[in-house]
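Student: Could you have a look at this structure, given as structure tokens, before my questions?
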Amino acid sequence: MQIYLPIAEVSVNAFLLLGLGGIVGVLSGMFGVGGGFLMTPLLFFIGIPPAVAVATEANQIVASSFSGVLAHLKRQTVDLRMGGVLLVGGLVGAGVGVQVFTLLREMGQVDLLVKLCYVVFLGLIGGLMFIESLRAIRRSRGQTTTKVIRKQRTWVHALPFKMKFRTSGLYISVIPPLVVGVLVGVLAAIMGVGGGFIMVPAMIYILGMPTKVVVGTSLFQIIFVTAFTTLLHATTNYTVDMVLAVLLLIGGVIGAQIGARIGVKLKAEQLRILLAIMVLAVCGKLALDLLLTPAEFYSIGTGGHG
Amino acid sequence: MRTLFALLCLLLPAQAQAFAAEDVVADLSQNRVSINTSFDGSEILVFGAVKRSRPVPIGTPPLEVIITVSGPSEPVTVRKKDRRLGIWVNTESVEIDAAPSFYAVATSGAFGDVLTETEDQRHKVSVAQAIRSVGAPASISDAQSFTEALMRIRANNDLYVTAEGAVELVQETLFNTEIRLPANLVEGSYETRIFLTRGGEVTAIYNDVIEVSKVGLERFIYNLAHEQPLAYGLLSLFIAISAGWMASAIFRFIR
């Protein structure tokens, strides 16, 4: 069934969009990533103009994250306090990120930079997580009795302004989560994604939060940052396509519910290695795009930008 | 200036006599294309007849018909990728001043036979002529290849169509053709032109317009997004949040 999108001004298959939304929704619920880093490139691929894809994706992430966070709230795996601190940083970061994005667009190399950002960050994070979780799995296979204690004292614990995060079982300074929030906000705005795939590892490895809490908390923060981004895009670029968003989010919210339930059944290590593989796959695809000789050397952008 | 005018006065009647003998009477199957939610392209039938005040003298070259449909023009940037440090980067770019978002040409014969190059330039009939590129930056050596790339990419997307021999001409009097408007149409006025040619020279022109516009829900959403962006953004968020909440509630109910 073909459907014409009023803002994107293209006609696409409605079931294709529902399916895409569903698949990405499942991943979103499982891993606490918004799924934007997968969905945005997929939307480009089916012919949605990039500006519309990025803005609408932000709107869709709001829905799937909200659906996911409700499931997590019920299980009490959301650290609201930590989420709040991350959010403050995230909003500041998003504001800065939008400015950086505009500046880069004027310089005309925004496409390349976004892709490079993806490759570098996805590659780094995916690689680190993959190695770490492989090690963890091997450890748990070798000797099942020794439990890994993750609470080492690092530089993170030496900073001032300490705050108690009961749900995460942490007593740390608010500076690291704030910095993580800002960085994620900046990257989220530049890369047009929720930023979960950066935040989740950062929370695990830098803040030392338990994996089960990380997913819900990250979703909580993502809702607000992407809502902010959606409004920004809607008011400045008029690129949020409501019809596209609705189709994506119908699939997305259902998928997120299913994903959240699958996530509970998997072990933390398995969850992490799956996420790592996925992140690496997307990274590889984007790297190939940059490295391989393209079939078409030319591309069209409307107006003075694109 | 005056001599030129006098010359024109002398020339015009002679030309008119040769050309005015034939005129076009034509119509379109529809002058209005409505883009609704299920819009999936549209087919427009262009048909008409040639009106003659006197019979065609023996020895005149055969009549040919060219029909063009052109979407609204807008500036376009064409970028070229080049390998830098092992990766493919957009390096050069050319701004094309105006390129139609859609362009279809249908002819009754091979393009080279039905229209001379001079006439093509004057009336801007072929796809290449419809694109207006005033000048590329001096640093770009092969500006032409950028225009060609634009034509190639749009042709691959069915936006630029050249259909030679697609106009059916019956006894040099009745003609018709079908122009297919693709699903990825842009709103606006689509200028439709019909040319009669003899020996590659244009002898008569007919103009019409197809209005392409969004209707119903499409229109409403588009207007809201542009006129009330804040309300639109908030509405989008509201839909997103309530959809998220509903899905969660439904799943809780199922459990």
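Lettering and numbering for the structure tokens are positional, with chains as A, B, ... in the shown order, residues counted from 1 in each chain, and ligands counted from 1 in the shown order.
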Residues of chain B no more than 8 Å from chain A, counting only C-alpha atoms: send them over as a ChimeraX atom specification.
Tutor: /B:35-40,74-82,86-90,95,146,149-150,153,183-186,214,218-219,221-222,225-226,229-230,232-234,236-237,239-245,247-248,251
Student: Can you pull out the residues contacting Ile210 (chain B)? Cut-off 10 Å, using only C-alpha atoms, and skip same-chain residues under 2 positions away; I want them as a PyMOL selection string.
Tutor: chain B and resi 28+30-33+44+69-71+188-192+208+212-213
Student: Write the residues of the selection above to a file with C-alpha atoms, as a short mmCIF file (atom, residue, chain, number, x, y, z; two decimals), in the first residue's frame.
Tutor:
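Result file selection_0.cif:
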data_model
loop_
_atom_site.label_atom_id
_atom_site.label_comp_id
_atom_site.auth_asym_id
_atom_site.auth_seq_id
_atom_site.Cartn_x
_atom_site.Cartn_y
_atom_site.Cartn_z
CA LEU B 28 -5.64 17.65 -21.20
CA GLN B 30 -7.14 16.74 -16.32
CA ASN B 31 -5.89 20.22 -15.44
CA ARG B 32 -5.69 19.48 -11.76
CA VAL B 33 -3.77 16.74 -10.03
CA ILE B 44 -2.32 12.71 -18.04
CA VAL B 69 5.37 19.04 -19.27
CA SER B 70 7.58 20.95 -16.87
CA GLY B 71 7.36 21.07 -13.07
CA GLY B 188 3.06 23.68 -8.16
CA SER B 189 2.05 24.66 -11.67
CA TYR B 190 3.17 22.23 -14.34
CA GLU B 191 3.53 24.09 -17.59
CA THR B 192 2.41 22.07 -20.58
CA ASP B 208 -1.66 24.97 -20.83
CA VAL B 212 -0.59 19.91 -8.83
CA SER B 213 -1.64 20.44 -5.24
#
Student: When you look at Pro55 (chain B) with a cut-off of 10 Å (counting only C-alpha atoms), what residues show up, excluding the ones that are within fewer than 2 positions of it in the same chain? I need them as a PyMOL selection string.
Tutor: chain B and resi 21-22+52-53+57-58
Student: Go ahead and dump the residues you just picked, C-alpha atoms, as a compact mmCIF listing (two decimals), in the first residue's frame.
Tutor:
# COMPACT_ATOMS: atom_id res chain seq x y z
CA ALA B 21 -1.71 28.28 -41.75
CA GLU B 22 -1.73 25.78 -38.91
CA ARG B 52 -5.84 24.46 -40.92
CA SER B 53 -7.21 27.42 -42.80
CA PRO B 57 1.05 22.87 -50.10
CA ILE B 58 2.70 19.91 -51.74
Student: From region 105-282 of chain A, collect each residue whose DSSP state is strand (DSSP E) and return the set as a tab-separated table (two decimals) with C-alpha atoms, in the first residue's frame.
Tutor:
chain	number	residue	atom	x	y	z
A	162	LYS	CA	28.86	13.92	45.42
A	163	MET	CA	25.30	12.76	45.16
A	164	LYS	CA	23.57	9.56	46.17
A	165	PHE	CA	21.96	7.60	43.31
A	170	LEU	CA	26.17	4.74	43.47
A	171	TYR	CA	27.56	7.60	45.48
A	172	ILE	CA	29.49	9.69	42.97
A	173	SER	CA	30.09	13.26	41.91
Student: Could you state the separation of CA of Tyr118 (chain A) and CA of Ala260 (chain A) in Å, given to one decimal place?
Tutor: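 According to the coordinates, CA of Tyr118 (chain A) and CA of Ala260 (chain A) are separated by 25.2 Å.
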Student: In Å to one decimal, how far is CA of Leu217 (chain B) from CA of Leu159 (chain B)?
Tutor: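 The value is 25.1 Å.
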Student: Quick check for you: according to DSSP on this backbone, which residues of region 165-209 of chain A are classed as alpha helix (DSSP H)? Reply as a PyMOL selection string.
Tutor: chain A and resi 175-191+196-205
Student: Could you save those same residues with C-alpha atoms as an mmCIF file, in the first residue's frame?
Tutor:
data_model
loop_
_atom_site.group_PDB
_atom_site.id
_atom_site.type_symbol
_atom_site.label_atom_id
_atom_site.label_comp_id
_atom_site.auth_asym_id
_atom_site.auth_seq_id
_atom_site.Cartn_x
_atom_site.Cartn_y
_atom_site.Cartn_z
ATOM 1 C CA ILE A 175 30.238 16.121 37.277
ATOM 2 C CA PRO A 176 30.823 12.905 35.260
ATOM 3 C CA PRO A 177 27.113 12.334 34.512
ATOM 4 C CA LEU A 178 26.725 16.002 33.580
ATOM 5 C CA VAL A 179 29.685 15.819 31.196
ATOM 6 C CA VAL A 180 28.373 12.579 29.704
ATOM 7 C CA GLY A 181 25.000 14.273 29.236
ATOM 8 C CA VAL A 182 26.486 17.281 27.455
ATOM 9 C CA LEU A 183 28.672 15.154 25.157
ATOM 10 C CA VAL A 184 25.769 12.900 24.268
ATOM 11 C CA GLY A 185 23.568 15.937 23.633
ATOM 12 C CA VAL A 186 26.099 17.468 21.252
ATOM 13 C CA LEU A 187 26.614 14.233 19.355
ATOM 14 C CA ALA A 188 22.891 13.539 19.302
ATOM 15 C CA ALA A 189 22.178 16.875 17.658
ATOM 16 C CA ILE A 190 24.998 16.513 15.118
ATOM 17 C CA MET A 191 24.283 12.908 14.243
ATOM 18 C CA GLY A 196 21.623 5.962 23.467
ATOM 19 C CA PHE A 197 24.316 3.925 21.789
ATOM 20 C CA ILE A 198 26.895 6.347 23.163
ATOM 21 C CA MET A 199 25.239 6.923 26.504
ATOM 22 C CA VAL A 200 24.651 3.279 27.412
ATOM 23 C CA PRO A 201 28.346 2.325 27.234
ATOM 24 C CA ALA A 202 29.334 5.593 28.908
ATOM 25 C CA MET A 203 27.035 4.824 31.827
ATOM 26 C CA ILE A 204 28.362 1.289 32.151
ATOM 27 C CA TYR A 205 32.053 1.962 31.746
#
Student: Could you check the closest approach to Phe111 (chain B) for each of B:Thr177, B:Ser34, B:Asn157, B:Ser126 and tell me which residue wins, using only C-alpha atoms?
Tutor: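 Using only C-alpha atoms, Phe111 (chain B) sits closest to B:Ser126.
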Student: Which residues are close to Asp79 (chain A), i.e. within 10 Å by only C-alpha atoms, leaving aside same-chain residues fewer than 3 positions away? Reply as a list of chain:residue names.
Tutor: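 Here the answer would be A:Leu73, A:Gln76, A:Met82, A:Gly83, A:Gly84, A:Phe165, A:Arg166, A:Thr167, A:Ser168, A:Gly169, A:Met209, A:Val213, A:Val214, A:Val215, A:Gly216, A:Thr217, A:Ser218, A:Phe220.
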Student: The selected residues should be written to file as an mmCIF file, in the first residue's frame (atoms: C-alpha atoms).
Tutor:
data_model
loop_
_atom_site.group_PDB
_atom_site.id
_atom_site.type_symbol
_atom_site.label_atom_id
_atom_site.label_comp_id
_atom_site.auth_asym_id
_atom_site.auth_seq_id
_atom_site.Cartn_x
_atom_site.Cartn_y
_atom_site.Cartn_z
ATOM 1 C CA LEU A 73 9.402 2.098 35.258
ATOM 2 C CA GLN A 76 11.801 -0.046 38.704
ATOM 3 C CA MET A 82 20.628 10.013 37.447
ATOM 4 C CA GLY A 83 18.314 10.554 34.486
ATOM 5 C CA GLY A 84 17.614 14.088 35.649
ATOM 6 C CA PHE A 165 21.965 7.603 43.306
ATOM 7 C CA ARG A 166 20.077 4.958 45.236
ATOM 8 C CA THR A 167 18.593 3.006 42.306
ATOM 9 C CA SER A 168 22.025 2.617 40.751
ATOM 10 C CA GLY A 169 23.641 1.993 44.119
ATOM 11 C CA MET A 209 26.081 1.870 36.665
ATOM 12 C CA VAL A 213 19.352 0.271 35.313
ATOM 13 C CA VAL A 214 21.297 1.769 32.431
ATOM 14 C CA VAL A 215 18.731 0.912 29.764
ATOM 15 C CA GLY A 216 15.721 2.480 31.489
ATOM 16 C CA THR A 217 17.648 5.551 32.583
ATOM 17 C CA SER A 218 19.054 6.145 29.133
ATOM 18 C CA PHE A 220 14.280 8.366 30.194
#
